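Right, one structure below, let's go through it.
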Amino acid sequence: MLRIATFNINGIKARAAVLARWLDESAPDVAVLQEIKSTDEGFPRDLIEGRGYQLETHGQKGFNGVAILSKQPLTDVRRGLPGDDEDTQARWIEARVEGAGGLTVCGLYLPNGNPAPGPKFDYKLAWMERMQARVTELLARECPLVLAGDYNVIPQPSDAARPEAWRDDALFRPESRAAFRRLQALGLYDAIRLRHPESASAPPGPFTFWDYQAGARARNDGIRIDHLLLSPHAADRLRDAWVEDAPRDWEKPSDHTPAWIALAA
DNA sequence: ATGGCTGTCCCTGACAGA
């Protein structure tokens, strides 16, 4: 079994202890990280490599930044989402996992898009179009493909404790949700809903993000915005998928918590 | 009813996040 997780860590410098504990306790075979908020040079590599992982980063100073780590070797690493040479934001990384049946893993940090409407929302929607194009290319390989990360999209009302509170937000606006559906319509499966279809009914959840403010975590006022989308070849191998709540309650937590899948070898 | 938190950097305030 191969476990692949996604975790928006909200800053590697502030989250070193949480990340170390999570790698020790959860021990995913492959993980994608978002919002490392670090340059490649500034990333504390020992934290990852000392635990037996190969690390590939795509960082920038202060904001954004993504990474892939894997216990099995990573090859064919690509950094950056194609389609706009002017885009300097570090939000996309992809790599092939050796010894995993031709598996490619993409780690993504999709733009937030607020306030909407506005230039940031336009950037979000354009980014999703570029992702559509890149995923179309990757799917043509007809190999297992996992697209994991912080999508900054609440796909359905059942993915929020209080969907009405998000009605005009870039994470839940019709344009964002439609772009997410277009992505799925390429033939991708939302791993958590595929493995746990009953979870789409009431009560809402599971969630992957709770705001730091207003006791959102204590009131379970969350949203599901971190997703693992699977190509058909990857979905065939899906054995389990869920969210790990615990790291959200550790000391000095990220506002996100990890989501994961288990694929048959 | 309101505001509420956290991380980053050209660091003690502004911006971004969601």
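Labels used: A, B, ... for chains in the order of the structure tokens, numbers from 1 for residues in each chain, and numbers from 1 for ligands as shown.
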Residue hits in chain A, query chain B, radius 7 Å, only C-alpha atoms (C1' of nucleotides), as an mmCIF file with C-alpha atoms, in the first residue's frame:
data_model
loop_
_atom_site.group_PDB
_atom_site.id
_atom_site.type_symbol
_atom_site.label_atom_id
_atom_site.label_comp_id
_atom_site.auth_asym_id
_atom_site.auth_seq_id
_atom_site.Cartn_x
_atom_site.Cartn_y
_atom_site.Cartn_z
ATOM 1 C CA GLY A 11 5.006 28.299 6.792
ATOM 2 C CA GLY A 62 7.698 34.907 1.882
ATOM 3 C CA TYR A 212 -7.673 30.497 13.433
ATOM 4 C CA GLN A 213 -10.295 33.078 14.435
ATOM 5 C CA ALA A 214 -13.478 32.959 16.446
#
Pick out each residue of stretch 48-256 of chain A that DSSP on the backbone tags as strand (DSSP E or B); I need them as a short mmCIF file (atom, residue, chain, number, x, y, z; two decimals) with C-alpha atoms, in the first residue's frame.
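As a result, part.cif now contains:
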data_model
loop_
_atom_site.label_atom_id
_atom_site.label_comp_id
_atom_site.auth_asym_id
_atom_site.auth_seq_id
_atom_site.Cartn_x
_atom_site.Cartn_y
_atom_site.Cartn_z
CA GLN A 54 13.75 12.63 -0.90
CA LEU A 55 12.74 16.30 -0.98
CA GLU A 56 11.94 18.47 -4.00
CA THR A 57 10.92 22.07 -3.40
CA HIS A 58 9.56 24.88 -5.52
CA VAL A 66 5.16 23.86 -2.69
CA ALA A 67 7.16 20.67 -2.13
CA ILE A 68 7.06 16.94 -2.73
CA LEU A 69 8.68 14.43 -0.43
CA SER A 70 8.89 10.70 -1.01
CA LEU A 74 11.41 10.96 -7.38
CA THR A 75 12.28 11.54 -11.03
CA ASP A 76 11.17 13.83 -13.88
CA VAL A 77 10.61 16.69 -11.43
CA ARG A 78 8.96 19.76 -12.99
CA ARG A 79 8.41 23.07 -11.29
CA TRP A 92 2.86 23.78 -8.82
CA ILE A 93 5.30 20.87 -8.73
CA GLU A 94 5.13 17.44 -10.31
CA ALA A 95 7.25 14.30 -10.14
CA ARG A 96 7.21 10.64 -10.99
CA VAL A 97 7.46 8.20 -8.08
CA THR A 104 2.91 10.79 -11.28
CA VAL A 105 2.11 13.08 -8.35
CA CYS A 106 1.34 16.78 -8.74
CA GLY A 107 1.36 19.11 -5.75
CA LEU A 108 -0.63 22.30 -6.16
CA TYR A 109 -1.50 25.45 -4.26
CA LEU A 145 -1.97 10.40 -11.77
CA VAL A 146 -2.65 12.03 -8.40
CA LEU A 147 -3.38 15.77 -8.23
CA ALA A 148 -3.09 16.71 -4.58
CA GLY A 149 -3.10 20.00 -2.77
CA ASP A 150 -4.88 23.06 -1.53
CA ALA A 160 -18.80 23.67 4.48
CA TYR A 189 -12.24 11.28 -9.13
CA ASP A 190 -12.38 13.08 -5.78
CA PHE A 209 -9.48 23.87 7.10
CA TRP A 210 -10.66 25.78 10.15
CA GLY A 222 -14.72 24.21 8.78
CA ILE A 223 -14.50 23.77 5.03
CA ASP A 226 -7.71 20.29 0.23
CA HIS A 227 -8.36 17.57 -2.30
CA LEU A 228 -6.78 14.56 -3.98
CA LEU A 229 -8.10 14.08 -7.51
CA LEU A 230 -7.29 10.77 -9.20
CA LEU A 238 -7.71 3.44 -4.44
CA ARG A 239 -8.20 1.50 -1.22
CA ASP A 240 -8.86 4.23 1.31
CA ALA A 241 -8.96 8.00 1.76
CA TRP A 242 -9.70 10.38 4.60
CA VAL A 243 -8.65 13.43 6.62
CA HIS A 256 -5.18 23.22 7.52
#
Atom CA of A:Ile154 sits from atom CA of A:Trp166 at a separation of 8.9 Å
Test item: residues at most 9 Å from A:Ala200, only C-alpha atoms (C1' of nucleotides), excluding those fewer than 4 positions along its chain, as a VMD selection string: chain A and resid 156 158 to 159 193 196 204 to 206
Write the residues of the selection above to a file with N, CA and C atoms, as a PDB file, in the first residue's frame.
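Wrote it out as out_27.pdb, contents follow:
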ATOM      1  N   GLN A 156     -18.899  21.727  -2.924  1.00  0.00           N
ATOM      2  CA  GLN A 156     -20.344  21.577  -2.738  1.00  0.00           C
ATOM      3  C   GLN A 156     -20.755  22.182  -1.391  1.00  0.00           C
ATOM      4  N   SER A 158     -22.120  20.741   0.944  1.00  0.00           N
ATOM      5  CA  SER A 158     -21.802  19.766   1.987  1.00  0.00           C
ATOM      6  C   SER A 158     -20.331  19.799   2.397  1.00  0.00           C
ATOM      7  N   ASP A 159     -19.547  20.634   1.723  1.00  0.00           N
ATOM      8  CA  ASP A 159     -18.141  20.790   2.072  1.00  0.00           C
ATOM      9  C   ASP A 159     -17.895  21.995   2.976  1.00  0.00           C
ATOM     10  N   ARG A 193     -14.620  11.444  -1.684  1.00  0.00           N
ATOM     11  CA  ARG A 193     -16.023  11.163  -2.018  1.00  0.00           C
ATOM     12  C   ARG A 193     -16.173   9.813  -2.724  1.00  0.00           C
ATOM     13  N   HIS A 196     -15.699   7.268   0.198  1.00  0.00           N
ATOM     14  CA  HIS A 196     -16.712   7.433   1.246  1.00  0.00           C
ATOM     15  C   HIS A 196     -17.900   8.211   0.710  1.00  0.00           C
ATOM     16  N   PRO A 204     -22.435  17.862   7.155  1.00  0.00           N
ATOM     17  CA  PRO A 204     -21.342  18.282   6.271  1.00  0.00           C
ATOM     18  C   PRO A 204     -19.987  17.780   6.771  1.00  0.00           C
ATOM     19  N   GLY A 205     -19.051  17.682   5.867  1.00  0.00           N
ATOM     20  CA  GLY A 205     -17.692  17.267   6.214  1.00  0.00           C
ATOM     21  C   GLY A 205     -17.247  16.088   5.371  1.00  0.00           C
ATOM     22  N   PRO A 206     -16.042  15.565   5.584  1.00  0.00           N
ATOM     23  CA  PRO A 206     -15.055  16.063   6.536  1.00  0.00           C
ATOM     24  C   PRO A 206     -14.446  17.391   6.073  1.00  0.00           C
TER      25      PRO A 206
END
Write out as a PDB file with C-alpha atoms, in the first residue's frame which residues come within 12 Å of A:Arg182 when counting only C-alpha atoms (C1' of nucleotides), dropping same-chain ones fewer than 2 positions away.
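Saved as selection_0.pdb:
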ATOM      1  CA  LEU A 125      -9.714  31.410 -12.844  1.00  0.00           C
ATOM      2  CA  MET A 128      -7.461  26.896 -13.212  1.00  0.00           C
ATOM      3  CA  GLU A 129      -7.634  27.083 -17.029  1.00  0.00           C
ATOM      4  CA  MET A 131      -4.208  23.599 -14.823  1.00  0.00           C
ATOM      5  CA  GLN A 132      -6.952  22.180 -17.060  1.00  0.00           C
ATOM      6  CA  ALA A 133      -4.531  22.280 -20.007  1.00  0.00           C
ATOM      7  CA  VAL A 135      -3.836  17.943 -16.635  1.00  0.00           C
ATOM      8  CA  THR A 136      -5.181  17.182 -20.111  1.00  0.00           C
ATOM      9  CA  PRO A 155     -16.873  22.026  -4.255  1.00  0.00           C
ATOM     10  CA  GLU A 175     -17.179  30.403 -11.342  1.00  0.00           C
ATOM     11  CA  SER A 176     -14.695  28.637  -9.035  1.00  0.00           C
ATOM     12  CA  ARG A 177     -16.933  25.640  -8.527  1.00  0.00           C
ATOM     13  CA  ALA A 178     -17.649  25.390 -12.254  1.00  0.00           C
ATOM     14  CA  ALA A 179     -13.920  25.395 -13.032  1.00  0.00           C
ATOM     15  CA  PHE A 180     -13.428  22.647 -10.449  1.00  0.00           C
ATOM     16  CA  GLN A 184     -13.303  16.656 -12.711  1.00  0.00           C
ATOM     17  CA  ALA A 185     -15.101  16.263 -16.032  1.00  0.00           C
ATOM     18  CA  LEU A 186     -11.756  15.404 -17.636  1.00  0.00           C
ATOM     19  CA  GLY A 187     -12.304  12.077 -15.903  1.00  0.00           C
ATOM     20  CA  LEU A 188     -10.946  12.665 -12.406  1.00  0.00           C
ATOM     21  CA  TYR A 189     -12.239  11.276  -9.130  1.00  0.00           C
TER      22      TYR A 189
END
Please, which residues of stretch 2-103 of chain A, numbered as in this document, come out alpha helix (DSSP H) from DSSP, as a PyMOL selection string? chain A and resi 12-26+45-49
Near A:Gln89, within 10 Å and counting only C-alpha atoms (C1' of nucleotides), which residues show up once chain neighbours fewer than 3 positions away are dropped, as an NGL selection string? :A and (58-61 or 63-65 or 80-81 or 86 or 92 or 109 or 111)
Given only C-alpha atoms as the counted atoms, nearest of A:Glu25, A:Glu198, A:Arg173, A:Ala16 to A:Ile48: A:Ala16
Would you work out the distance separating atom CA of A:Leu2 from atom CA of A:Leu47, expressed in Å to one decimal?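 Between these atoms lies a distance of 21.6 Å.
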Please report the interatomic distance between atom CA of A:Ala216 and atom CA of A:Val32 in Å with one decimal. 25.0 Å
